[in-house]
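The block underneath contains the structure these notes are about, expressed in structure tokens.
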Amino acid sequence: MTDGEAASFDFSFKIAVRRVLKEATEEYNKSKEFTEAILLKLRYIFGPTFERALELFEANKVTAYKFESTRHSDNNTERVECCFYEVQGHSTEVYTIFSSVNYCPCLAFE
């Protein structure tokens, strides 16, 4: 595979991942559950990592924290929502994940 082909594949893969994640988010927000089709797509993209994450989610090992605040500036008031997650891994380790940061200290992220 040439560098150009690899770059094209990476770009196409990122688009596919974003599309499936958007679809999964919309489906979950609408019905508060994932369809079998969405789960299969996520499994296909993320493999065993997704399976382990789903196990943690189903075992209620994921806690979401959401905070709303109001930011005031010159003639402007803005409502801001902050969200982060705590995940108790398969070990006793607890990981904090911020939705706006593409990083996790867990081994799976490396």
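Ordering of the structure tokens sets the chain letters (A, B, ...), residue numbers begin anew at 1 in every chain, and ligands are numbered from 1 in the order given.
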> If we count only C-alpha atoms, what is near Tyr85 (chain A) at a cut-off of 9 Å, once residues fewer than 4 positions away on the same chain are taken out, given as a count of residues only?
Replying inline: 10
>> When DSSP is applied to the backbone of this structure, which of chain A are assigned helix (DSSP H, G or I)? Write them out as a VMD selection string.
In response: chain A and resid 3 to 31 36 to 46 48 to 58 107 to 109
>> So that I can see what lies close to Gln88 (chain A), please list as a ChimeraX atom specification the residues with an atom at most 6 Å from it, counting only C-alpha atoms and leaving out residues fewer than 4 positions away in the same chain.
In response: /A:61,93-94
>> I'd like the neighbourhood of Phe67 (chain A) as a ChimeraX atom specification, where a residue qualifies if any of its atoms comes within 10 Å (using only C-alpha atoms), though same-chain residues fewer than 6 positions away should be ignored.
In response: /A:80-84
Since we have the selection now, will you write its residues out, keeping N, CA and C atoms, as a PDB file, in the first residue's frame?
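The result, stored in part.pdb:
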ATOM      1  N   VAL A  80     -23.201  26.450  29.499  1.00  0.00           N
ATOM      2  CA  VAL A  80     -22.142  25.511  29.148  1.00  0.00           C
ATOM      3  C   VAL A  80     -22.396  24.197  29.874  1.00  0.00           C
ATOM      4  N   GLU A  81     -22.238  23.090  29.161  1.00  0.00           N
ATOM      5  CA  GLU A  81     -22.383  21.771  29.780  1.00  0.00           C
ATOM      6  C   GLU A  81     -21.034  21.073  29.781  1.00  0.00           C
ATOM      7  N   CYS A  82     -20.668  20.567  30.930  1.00  0.00           N
ATOM      8  CA  CYS A  82     -19.425  19.806  31.076  1.00  0.00           C
ATOM      9  C   CYS A  82     -19.820  18.360  31.366  1.00  0.00           C
ATOM     10  N   CYS A  83     -19.120  17.442  30.762  1.00  0.00           N
ATOM     11  CA  CYS A  83     -19.451  16.035  30.955  1.00  0.00           C
ATOM     12  C   CYS A  83     -18.162  15.223  31.056  1.00  0.00           C
ATOM     13  N   PHE A  84     -18.122  14.324  32.017  1.00  0.00           N
ATOM     14  CA  PHE A  84     -17.026  13.363  32.072  1.00  0.00           C
ATOM     15  C   PHE A  84     -17.565  12.046  32.610  1.00  0.00           C
TER      16      PHE A  84
END
> Leaving out Arg79 (chain A) and any residue of its chain fewer than 4 positions from it, which residues lie within 7 Å of it when counting only C-alpha atoms, given as a list of chain:residue names?
Replying inline: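 Returned residues: A:Glu68, A:Ser69, A:Thr70, A:Arg71.
For the pair CA of Leu42 (chain A) and CA of Thr92 (chain A), the interatomic distance is 25.7 Å.
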>> To test your reading of the structure, identify every residue in chain A that backbone DSSP assigns to strand (DSSP E), and report it as a PyMOL selection string.
In response: chain A and resi 62-73+76-88+94-98
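Considering only C-alpha atoms, the residue among A:Ile45, A:Ala37, A:His90, A:Glu26 positioned nearest to Lys14 (chain A) is A:Ile45.
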> What separation in Å, quoted to one decimal, exists between CA of Phe57 (chain A) and CA of Val87 (chain A)?
Replying inline: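 Value for the CA of Phe57 (chain A)-CA of Val87 (chain A) distance: 8.6 Å.
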